[in-house]
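Student: Take a look at my_file14.txt, compact mmCIF, C-alpha atoms and all ligand atoms:
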```txt
# COMPACT_ATOMS: atom_id res chain seq x y z
CA MET A 274 77.70 83.51 157.28
CA LEU A 275 81.15 84.38 158.65
CA CYS A 276 82.51 81.42 156.76
CA ARG A 277 81.06 82.70 153.49
CA VAL A 278 82.46 86.18 154.07
CA GLY A 279 85.89 84.65 154.63
CA GLN A 280 85.61 82.64 151.44
CA ILE A 281 84.60 85.72 149.44
CA ARG A 282 87.55 87.67 150.86
CA ARG A 283 90.00 84.88 149.99
CA CYS A 284 88.48 84.61 146.54
CA ALA A 285 88.76 88.38 145.99
CA ALA A 286 92.38 88.36 147.21
CA SER A 287 93.22 85.49 144.88
CA LEU A 288 91.49 87.20 141.94
CA SER A 289 93.31 90.44 142.67
CA GLN A 290 96.66 88.59 142.77
CA THR A 291 95.88 86.89 139.45
CA LEU A 292 94.88 90.19 137.82
CA ASN A 293 98.09 91.81 139.06
CA GLN A 294 100.10 88.94 137.60
CA VAL A 295 98.27 89.22 134.27
CA ALA A 296 98.78 93.00 134.23
CA ALA A 297 102.48 92.61 135.06
CA SER A 298 103.02 89.99 132.36
CA ARG A 299 101.12 92.07 129.79
CA GLN A 300 103.17 95.14 130.49
CA LYS A 301 106.48 93.42 129.78
CA HIS A 302 107.64 94.08 126.25
CA THR A 303 109.42 91.31 124.40
CA LEU A 304 111.79 91.11 121.45
CA PRO A 305 109.75 90.03 118.40
CA ASP A 306 111.06 87.10 116.37
CA LEU A 307 112.18 87.69 112.80
CA THR A 308 110.29 85.76 110.13
CA TYR A 309 113.55 85.18 108.22
CA ASP A 310 117.12 84.13 109.05
CA TYR A 311 119.80 86.68 109.92
CA GLY A 312 121.57 85.87 106.64
CA ALA A 313 118.43 86.00 104.50
CA LEU A 314 118.86 89.63 103.41
CA GLU A 315 122.37 89.10 102.03
CA PRO A 316 124.09 90.46 100.03
CA HIS A 317 122.23 93.70 100.81
CA ILE A 318 122.43 93.48 104.62
CA ASN A 319 124.80 90.88 106.00
CA ALA A 320 124.08 88.31 108.70
CA GLU A 321 126.44 89.82 111.27
CA ILE A 322 124.67 93.18 111.13
CA MET A 323 121.25 91.56 111.36
CA GLN A 324 122.24 89.34 114.26
CA LEU A 325 123.74 92.18 116.32
CA HIS A 326 121.04 94.64 115.32
CA HIS A 327 118.18 92.35 116.35
CA SER A 328 119.56 90.28 119.23
CA LYS A 329 121.68 93.00 120.87
CA HIS A 330 120.51 96.49 119.88
CA HIS A 331 116.77 95.90 119.69
CA ALA A 332 116.92 93.62 122.74
CA THR A 333 118.56 96.43 124.72
CA TYR A 334 115.77 98.87 123.83
CA VAL A 335 113.21 96.28 124.99
CA ASN A 336 115.00 95.62 128.28
CA ASN A 337 115.53 99.30 129.02
CA LEU A 338 111.91 100.08 128.11
CA ASN A 339 110.72 97.50 130.65
CA VAL A 340 113.04 98.91 133.33
CA THR A 341 111.90 102.48 132.57
CA GLU A 342 108.22 101.52 132.70
CA GLU A 343 108.74 99.86 136.09
CA LYS A 344 110.36 103.03 137.44
CA TYR A 345 107.58 105.10 135.88
CA LYS A 346 104.90 103.00 137.55
CA GLU A 347 106.64 103.50 140.91
CA ALA A 348 106.83 107.25 140.31
CA LEU A 349 103.13 107.32 139.40
CA ALA A 350 102.21 105.32 142.50
CA LYS A 351 104.15 107.77 144.67
CA GLY A 352 102.72 110.79 142.87
CA ASP A 353 106.31 111.85 142.17
CA VAL A 354 105.90 114.15 139.16
CA THR A 355 109.58 115.17 139.13
CA ALA A 356 110.62 111.53 138.74
CA GLN A 357 107.97 111.01 136.04
CA VAL A 358 109.29 113.97 134.03
CA ALA A 359 112.90 112.81 134.50
CA LEU A 360 112.01 109.39 133.06
CA GLN A 361 110.41 110.73 129.88
CA PRO A 362 113.58 110.95 127.75
CA ALA A 363 114.34 107.28 128.54
CA LEU A 364 110.77 106.33 127.74
CA LYS A 365 110.92 108.16 124.40
CA PHE A 366 114.32 106.70 123.49
CA ASN A 367 113.72 103.08 124.46
CA GLY A 368 110.01 103.06 123.59
CA GLY A 369 110.84 104.64 120.23
CA GLY A 370 113.66 102.15 119.68
CA HIS A 371 111.29 99.25 120.30
CA ILE A 372 108.49 100.69 118.12
CA ASN A 373 110.82 101.62 115.25
CA HIS A 374 112.71 98.33 115.07
CA THR A 375 109.52 96.28 115.36
CA ILE A 376 108.26 98.04 112.22
CA PHE A 377 111.64 97.86 110.48
CA TRP A 378 111.99 94.05 110.63
CA THR A 379 108.60 93.60 108.96
CA ASN A 380 109.41 96.23 106.32
CA LEU A 381 112.24 93.96 105.17
CA SER A 382 112.00 90.63 103.38
CA PRO A 383 114.30 88.29 101.46
CA ASN A 384 111.53 88.31 98.82
CA GLY A 385 111.37 92.11 98.81
CA GLY A 386 112.42 94.69 96.28
CA GLY A 387 110.80 95.51 92.97
CA GLU A 388 107.89 97.92 92.93
CA PRO A 389 104.73 98.29 94.98
CA GLN A 390 101.40 97.31 93.46
CA GLY A 391 97.81 98.53 93.49
CA GLU A 392 96.61 101.26 95.82
CA LEU A 393 100.05 101.94 97.33
CA MET A 394 101.59 102.48 93.89
CA GLU A 395 98.70 104.76 92.89
CA ALA A 396 99.15 106.80 96.09
CA ILE A 397 102.92 107.08 95.47
CA LYS A 398 102.35 108.29 91.90
CA ARG A 399 99.70 110.79 93.06
CA ASP A 400 101.85 112.23 95.88
CA PHE A 401 105.37 112.06 94.39
CA GLY A 402 104.90 111.85 90.61
CA SER A 403 106.47 108.40 90.26
CA PHE A 404 107.91 105.51 92.26
CA GLN A 405 111.40 106.57 91.21
CA LYS A 406 110.83 110.12 92.47
CA MET A 407 109.55 108.84 95.81
CA LYS A 408 112.64 106.63 96.19
CA GLU A 409 114.94 109.52 95.35
CA LYS A 410 113.20 111.89 97.77
CA MET A 411 113.12 109.36 100.62
CA SER A 412 116.73 108.30 100.00
CA ALA A 413 117.90 111.93 100.06
CA ALA A 414 116.00 112.68 103.29
CA THR A 415 117.32 109.50 104.91
CA VAL A 416 120.96 109.98 103.90
CA ALA A 417 120.77 113.58 105.16
CA VAL A 418 119.84 112.59 108.74
CA GLN A 419 122.51 114.19 110.93
CA GLY A 420 124.00 111.65 113.28
CA SER A 421 121.65 108.79 114.16
CA GLY A 422 118.02 108.57 113.10
CA TRP A 423 115.46 107.26 110.66
CA GLY A 424 113.95 108.13 107.28
CA TRP A 425 110.22 107.43 106.94
CA LEU A 426 107.40 107.11 104.48
CA GLY A 427 104.29 107.92 106.47
CA TYR A 428 100.56 108.40 106.01
CA GLU A 429 98.95 111.69 106.95
CA LYS A 430 95.44 110.86 108.09
CA GLU A 431 94.00 114.39 107.77
CA SER A 432 94.91 114.81 104.10
CA GLY A 433 94.95 111.13 103.13
CA ARG A 434 98.41 111.68 101.59
CA LEU A 435 101.79 110.00 101.84
CA ARG A 436 104.61 112.05 103.31
CA ILE A 437 108.36 111.65 103.74
CA ALA A 438 109.94 112.60 107.04
CA ALA A 439 113.16 112.15 108.99
CA CYS A 440 113.42 111.66 112.73
CA ALA A 441 116.45 112.06 114.97
CA ASN A 442 117.66 109.37 117.38
CA GLN A 443 114.83 106.91 118.14
CA ASP A 444 112.06 109.52 118.05
CA PRO A 445 109.03 107.52 116.90
CA LEU A 446 107.36 108.92 113.76
CA GLN A 447 103.76 108.96 114.94
CA GLY A 448 104.53 110.25 118.43
CA SER A 449 106.74 113.00 116.98
CA THR A 450 104.91 114.08 113.80
CA GLY A 451 101.46 112.47 113.81
CA LEU A 452 102.27 110.59 110.58
CA ILE A 453 101.43 106.89 110.65
CA PRO A 454 104.61 104.91 109.84
CA LEU A 455 104.52 102.76 106.70
CA LEU A 456 108.21 102.30 105.88
CA GLY A 457 111.26 103.14 107.96
CA ILE A 458 114.95 103.11 107.10
CA ASP A 459 117.26 102.90 110.10
CA VAL A 460 120.39 104.98 109.54
CA TRP A 461 122.04 104.46 112.89
CA GLU A 462 125.57 103.25 112.19
CA HIS A 463 124.72 99.93 113.87
CA ALA A 464 122.42 99.27 110.89
CA TYR A 465 125.15 99.40 108.23
CA TYR A 466 128.67 100.24 109.43
CA LEU A 467 130.03 96.65 109.56
CA GLN A 468 129.26 96.25 105.85
CA TYR A 469 129.14 99.73 104.33
CA LYS A 470 131.55 101.55 106.70
CA ASN A 471 130.95 105.30 106.45
CA VAL A 472 129.19 105.12 103.05
CA ARG A 473 125.60 105.54 104.18
CA PRO A 474 124.29 106.30 100.64
CA ASP A 475 125.35 102.81 99.44
CA TYR A 476 123.43 101.17 102.28
CA VAL A 477 120.33 103.26 101.56
CA LYS A 478 120.61 102.40 97.86
CA ALA A 479 120.91 98.67 98.64
CA ILE A 480 118.05 98.48 101.13
CA TRP A 481 115.45 99.07 98.40
CA ASN A 482 116.28 95.52 97.19
CA VAL A 483 114.83 94.01 100.37
CA ILE A 484 111.82 96.25 101.04
CA SER A 485 108.62 94.26 101.50
CA TRP A 486 106.09 96.35 99.56
CA GLU A 487 103.49 93.84 100.66
CA ASN A 488 104.09 94.88 104.28
CA VAL A 489 104.07 98.59 103.39
CA SER A 490 100.76 98.09 101.53
CA GLU A 491 99.22 96.30 104.52
CA ARG A 492 100.31 99.16 106.76
CA LEU A 493 98.68 101.68 104.39
CA GLN A 494 95.41 99.71 104.46
CA THR A 495 95.47 99.64 108.26
CA ALA A 496 96.38 103.34 108.49
CA LYS A 497 93.40 104.33 106.30
CA LYS A 498 90.85 102.59 108.53
FE FE B 1 118.68 100.14 114.68
```
Please go through the file and, once you have read it, give me the structure as structure tokens.

Tutor:
Amino acid sequence: MLCRVGQIRRCAASLSQTLNQVAASRQKHTLPDLTYDYGALEPHINAEIMQLHHSKHHATYVNNLNVTEEKYKEALAKGDVTAQVALQPALKFNGGGHINHTIFWTNLSPNGGGEPQGELMEAIKRDFGSFQKMKEKMSAATVAVQGSGWGWLGYEKESGRLRIAACANQDPLQGSTGLIPLLGIDVWEHAYYLQYKNVRPDYVKAIWNVISWENVSERLQTAKK
């Protein structure tokens, strides 16, 4: 009997260790791969920008998010509310940076550009009058971001309508406004300065040539569920 109890204890300890390892590995965020080469969006966004933006900037948000979450877990375990509150800006900044860029890479495609089709196009016409008007409104809101931030096309679940919004820094759209992100334009200088210098409007004008409307449509379908 004692032998069986010992076995059960060892088994439980081993299971607990395995679960902890699984939990730890699940909680680590990783840099997502791009489905296209760094140079694939040229001439609209050059390879140097893409390489630095993905492998350095986005990677830094991922690393810092993992570090922040570790510290947050420790603060939670200790019941240290002051430390938890102090970590929230870092969580918002690095978590937002990871969320935003993960969406951004999929919003872009070397086969992008043109116009959306089907339900997305119908929703754009209903909510903005025309595709052209939506582009103009989103471009204006995005160019007008003061300092660093993002322009967004989002879905408002309550009304079933598309909305345009701008967010400062890395504030994530859904966490900040409730809108579900469909299309984001990164207007941090790291996204365009090496190619467009200080002329943000030229970058915003060019990016429409590499927008994957297929991805935006898929996001709308998911958002409506
Ligand atoms: Fe960025």

Student: Find the residues around A:Glu315 up to 10 Å (only C-alpha atoms counted), leave out those fewer than 6 positions away in its own chain, and share them as number ranges by chain.

Tutor: A: 323, 383, 483

Student: Go ahead and dump the residues you just picked, C-alpha atoms, as a PDB file, in the coordinates of the input.

Tutor:
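Result went into selection06.pdb, see below:
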```
ATOM      1  CA  MET A 323     121.250  91.560 111.360  1.00  0.00           C
ATOM      2  CA  PRO A 383     114.300  88.290 101.460  1.00  0.00           C
ATOM      3  CA  VAL A 483     114.830  94.010 100.370  1.00  0.00           C
TER       4      VAL A 483
END
```

Student: Which of these, A:Ser412, A:Asn367, A:Asn373, A:Ser432, has the shortest distance to ligand FE 1 (chain B) once you count only C-alpha atoms and all ligand atoms?

Tutor: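 Looking at the shortest contact to ligand FE 1 (chain B), the residue is A:Asn373.
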
Student: Just to confirm, what's the straight-line distance from atom CA of A:Ala441 to atom CA of A:Val418 in Å (one decimal)?

Tutor: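 Atom-to-atom, atom CA of A:Ala441 to atom CA of A:Val418, that is 7.1 Å.
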
Student: Would you mind reading off the distance between atom FE of ligand FE 1 (chain B) and atom CA of A:Ala413, one decimal, in Å?

Tutor: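 Calculated distance between atom FE of ligand FE 1 (chain B) and atom CA of A:Ala413 is 18.8 Å.
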
Student: Using all atoms listed in the file, what are the residues with an atom within 9 Å of ligand FE 1 (chain B), set out as a list in words?

Tutor: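 Protein and nucleic-acid residues within 9 Å of ligand FE 1 (chain B): His326, His327, His330, His331, Gly370, Asn373, His374, Phe377, Gly422, Trp423, Gln443, Ile458, Asp459, Val460, Trp461, Glu462, His463 and Ala464 of chain A.
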
Student: Pick from A:Phe401, A:Tyr345, A:Trp378, A:Trp481: nearest to A:Leu304, with only C-alpha atoms counted?

Tutor: A:Trp378

Student: Tell me which of A:Thr333, A:Thr308, A:Asn380, A:Asn442 sits closest to A:Arg492, counting all atoms listed in the file.

Tutor: A:Asn380

Student: Check the smallest atom-to-atom distance from each of A:Lys344, A:Ala417, A:Met411, A:Lys430 to A:Ile480 using all atoms listed in the file, then report the winner.

Tutor: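 So, comparing all the options, the nearest one is A:Met411.
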
Student: In Å to one decimal, how far is atom CA of A:Tyr476 from atom CA of A:Ile376?

Tutor: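 We find that atom CA of A:Ile376 and atom CA of A:Tyr476 lie 18.4 Å from each other.
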
Student: For each of A:Val358, A:Ala313, A:Ala438, A:Leu338, take the minimum atom-to-atom distance to A:Lys410, counting all atoms listed in the file, then give the residue where this is smallest.

Tutor: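 Of A:Val358, A:Ala313, A:Ala438, A:Leu338, the one nearest A:Lys410 is A:Ala438, counting all atoms listed in the file.
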
Student: Of the residues A:Asn482, A:Gln390, A:Ala439, A:Leu467, which is the one nearest to A:Gln324, using all atoms listed in the file?

Tutor: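 Among the listed residues, A:Leu467 lies closest to A:Gln324.
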
Student: Within 12 Å of (114.3, 105.3, 98.3), in the coordinates the file gives, what residues turn up when you count all atoms listed in the file, written out as a PyMOL selection string?

Tutor: chain A and resi 386-388+397+401+403-416+424-426+437+456-458+474-484
